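Report on the structure given below.
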Amino acid sequence: MNILHISDLHFGPRHWEGNDKILLGKLNSYDADIVINTGDNTTDGLEDEYAKAGRFLKSIKCKNKISVIGNHDKRNMRSHELFRKYIYNPDIIYIPEMVQFKKKHLFLNRDITKLPDNFTDINFIKCISIKDLTVLVVSIDTNELYSDEGYVEEEILKAVSKEIRRAEYDLPILLTHYSILGTDDCPLKNSSLLIDFVHQHKIENVFCGHTHEMELMKTTDLYHGPSFTQFMCGTLSSCNHPNDDNMFLYYQNFGCKDMHLFLVRMFPEKRNLIFKEEMVF
């Protein structure tokens, strides 16, 4: 299968200075079976930013498009509602409100917010059939409301694990916004829990974003043996700071021996865009 990986769109005041129409034309030129978007669709989690990001994502021509929420998306108490309205609306995996949890703002006070749904996390699994392969996409919400540092809730990982054990699939992959290997100034604070989760379910491929820089890393537990690869994508269309990697990734024949990874960099030139493609391996 072929995967198109985008991340960190950041629609809003610091959005891309190039041409969205040209960018969409380039994205749609790839023969993707799945498009994965690893978060930060907005700058400040505002509804107009969500709406613009949603229109952009809907213009990507692929049957299977999966998005996760990012820390910038969670700067609004309505973030979970707006994400599901404009970006992606999966079947959420919930936990009971009365269980003991440590993640801040996991449940909001309905008497104050007047929101119909007070659970702020967006965790889900989804099976996608591609040719003769069933891919299990696992998405873990690594973001805390109003925070730029990540956190995962142990009770949620238990609930997701229960759903995974019920599913039938050939290949599991994990989508998350934060790196689980801790290479960030604003890291996932308890990443060891998610690493254990990856090992538990024999997930060999993790996709993330957040840092606006590309990192391709493979790690192996030298004692227990499990190994996984983390693919961190740069930013698709942001100009937040001068060190942004404006780029996206395309995985051809993913999961096969003849897999190739293409890095596509973007350079704005007035209202035009220049693309430079490099085959990483």
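Residue numbers start at 1 in each chain; chains themselves are named A, B, ... in the order of the structure tokens; ligands are numbered from 1 in the order shown.
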*Find the residues around Ser237 (chain A) up to 10 Å (only C-alpha atoms counted), leave out those fewer than 3 positions away in its own chain, and share them as a PyMOL selection string.*
chain A and resi 6-11+14-20+23+41+212+234+240+244-248+266
*asked:* Can you tell me which residues surround Thr219 (chain A) at a distance of at most 8 Å, considering only C-alpha atoms, apart from same-chain residues fewer than 2 positions away, and format the answer as an MDAnalysis selection string?
replied: chainID A and resid 217 221 227:229
*Shell around Glu168 (chain A) at 10 Å using only C-alpha atoms, local window under 3 positions removed, as a VMD selection string*: chain A and resid 127 134 to 136 164 to 165 171
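Residues lying within 10 Å of region 111-120 of chain A, counting only C-alpha atoms and ignoring same-chain neighbours fewer than 6 positions away, are Lys74, Met77, Arg78, Ser79, His80, Glu81, Ile92, Tyr94, Ile95, Pro96, Glu97, Lys104, His105, Asp141, Asn143, Glu144 and Leu145 of chain A.
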Can you spit out the residues from that selection as a PDB file, in the first residue's frame, using C-alpha atoms?
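In the end it all went to out13.pdb:
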ATOM      1  CA  LYS A  74      -6.649  21.760  21.907  1.00  0.00           C
ATOM      2  CA  MET A  77     -12.625  23.908  25.312  1.00  0.00           C
ATOM      3  CA  ARG A  78     -14.734  23.084  22.229  1.00  0.00           C
ATOM      4  CA  SER A  79     -11.746  21.512  20.445  1.00  0.00           C
ATOM      5  CA  HIS A  80     -13.020  17.939  20.590  1.00  0.00           C
ATOM      6  CA  GLU A  81     -16.396  19.074  19.238  1.00  0.00           C
ATOM      7  CA  ILE A  92     -14.392   7.611  20.122  1.00  0.00           C
ATOM      8  CA  TYR A  94     -14.405   6.534  26.141  1.00  0.00           C
ATOM      9  CA  ILE A  95     -13.626   5.747  29.761  1.00  0.00           C
ATOM     10  CA  PRO A  96     -16.061   6.219  32.676  1.00  0.00           C
ATOM     11  CA  GLU A  97     -15.899   9.606  34.348  1.00  0.00           C
ATOM     12  CA  LYS A 104      -5.763  17.306  33.214  1.00  0.00           C
ATOM     13  CA  HIS A 105      -9.085  18.485  31.755  1.00  0.00           C
ATOM     14  CA  ASP A 141      -4.585  11.462  21.819  1.00  0.00           C
ATOM     15  CA  ASN A 143      -2.470  16.180  23.978  1.00  0.00           C
ATOM     16  CA  GLU A 144      -3.690  17.911  27.122  1.00  0.00           C
ATOM     17  CA  LEU A 145      -6.215  20.728  26.844  1.00  0.00           C
TER      18      LEU A 145
END
Do you have, as a Markdown table, the list of residues of region 184-258 of chain A lying at most 12 Å from region 30-33 of chain A, each with its nearest atom pair and that distance in Å to one decimal, counting only C-alpha atoms and ordered by chain then number?
| residue | atom | partner | partner_atom | distance |
| --- | --- | --- | --- | --- |
| A:Phe248 | CA | A:Tyr30 | CA | 11.5 |
| A:Leu249 | CA | A:Tyr30 | CA | 10.6 |
| A:Tyr250 | CA | A:Tyr30 | CA | 7.9 |
| A:Tyr251 | CA | A:Ala32 | CA | 8.6 |
| A:Gln252 | CA | A:Ala32 | CA | 8.4 |
| A:Asn253 | CA | A:Ala32 | CA | 10.1 |
| A:Phe254 | CA | A:Asp33 | CA | 10.2 |
*Shell around Gln230 (chain A) at 8 Å using only C-alpha atoms, local window under 2 positions removed, as a PyMOL selection string*: chain A and resi 179+205-208+215-218+228+232
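Counting from CA of Tyr223 (chain A), the distance to CA of Asn190 (chain A) is 20.9 Å.
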*Return as JSON, numbers by chain the full set of residues in region 152-279 of chain A whose backbone-based DSSP assignment is strand (DSSP E or B).*
{"A": [171, 172, 173, 174, 175, 188, 205, 206, 207, 208, 215, 216, 217, 218, 219, 220, 227, 228, 229, 230, 231, 232, 235, 238, 246, 247, 248, 249, 250, 251, 252, 260, 261, 262, 263, 264, 265, 266, 267, 268, 269, 272, 273, 274, 275, 276, 277, 278, 279]}
*Using the chain letters and numbers from this document, which residues of region 137-272 of chain A does DSSP assign to alpha helix (DSSP H), as a PyMOL selection string?*
chain A and resi 154-166+191-200
*Tell me which protein, DNA and RNA residues are within 7 Å of Phe275 (chain A), counting only C-alpha atoms, leaving out same-chain ones fewer than 4 positions away, and put them as number ranges by chain.*
A: 264-267
Please dump the current selection as a short mmCIF file (atom, residue, chain, number, x, y, z; two decimals), in the first residue's frame; keep N, CA and C atoms.
data_model
loop_
_atom_site.label_atom_id
_atom_site.label_comp_id
_atom_site.auth_asym_id
_atom_site.auth_seq_id
_atom_site.Cartn_x
_atom_site.Cartn_y
_atom_site.Cartn_z
N VAL A 264 9.31 15.14 0.22
CA VAL A 264 8.97 16.21 -0.72
C VAL A 264 9.01 17.54 0.02
N ARG A 265 10.01 18.36 -0.29
CA ARG A 265 10.14 19.69 0.32
C ARG A 265 9.44 20.74 -0.54
N MET A 266 8.96 21.81 0.13
CA MET A 266 8.21 22.86 -0.54
C MET A 266 8.86 24.22 -0.27
N PHE A 267 8.99 25.00 -1.32
CA PHE A 267 9.59 26.32 -1.20
C PHE A 267 8.68 27.35 -1.86
#
*asked:* Which residues are close to Ile156 (chain A), i.e. within 10 Å by only C-alpha atoms, leaving aside same-chain residues fewer than 2 positions away? Reply as number ranges by chain.
replied: A: 93-96, 101, 103, 121, 123, 140-141, 152-154, 158-162
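A straight line drawn from CA of Tyr178 (chain A) to CA of Val138 (chain A) is 14.1 Å long.
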_Counting only C-alpha atoms, the option among A:Ser192, A:Ser129, A:Gln100, A:Asn76 closest to Tyr146 (chain A)_ = A:Asn76
*For the atom pair CA of Thr142 (chain A) and CA of Phe281 (chain A), what is the interatomic distance in Å to one decimal place?*
29.2 Å
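Minimum distance to Ile34 (chain A) across A:Lys189, A:Ser238, A:Ser67, A:Asp48 (counting only C-alpha atoms) occurs at A:Ser67.
If you measure from each of A:Arg110, A:His72, A:Lys276, A:Lys85 to Ser147 (chain A) using only C-alpha atoms, the closest one turns out to be A:His72.
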*Could you tell me which of A:Ser191, A:Thr211, A:Asn2, A:Asn109 comes closest to Gly70 (chain A) if we count only C-alpha atoms?*
A:Thr211
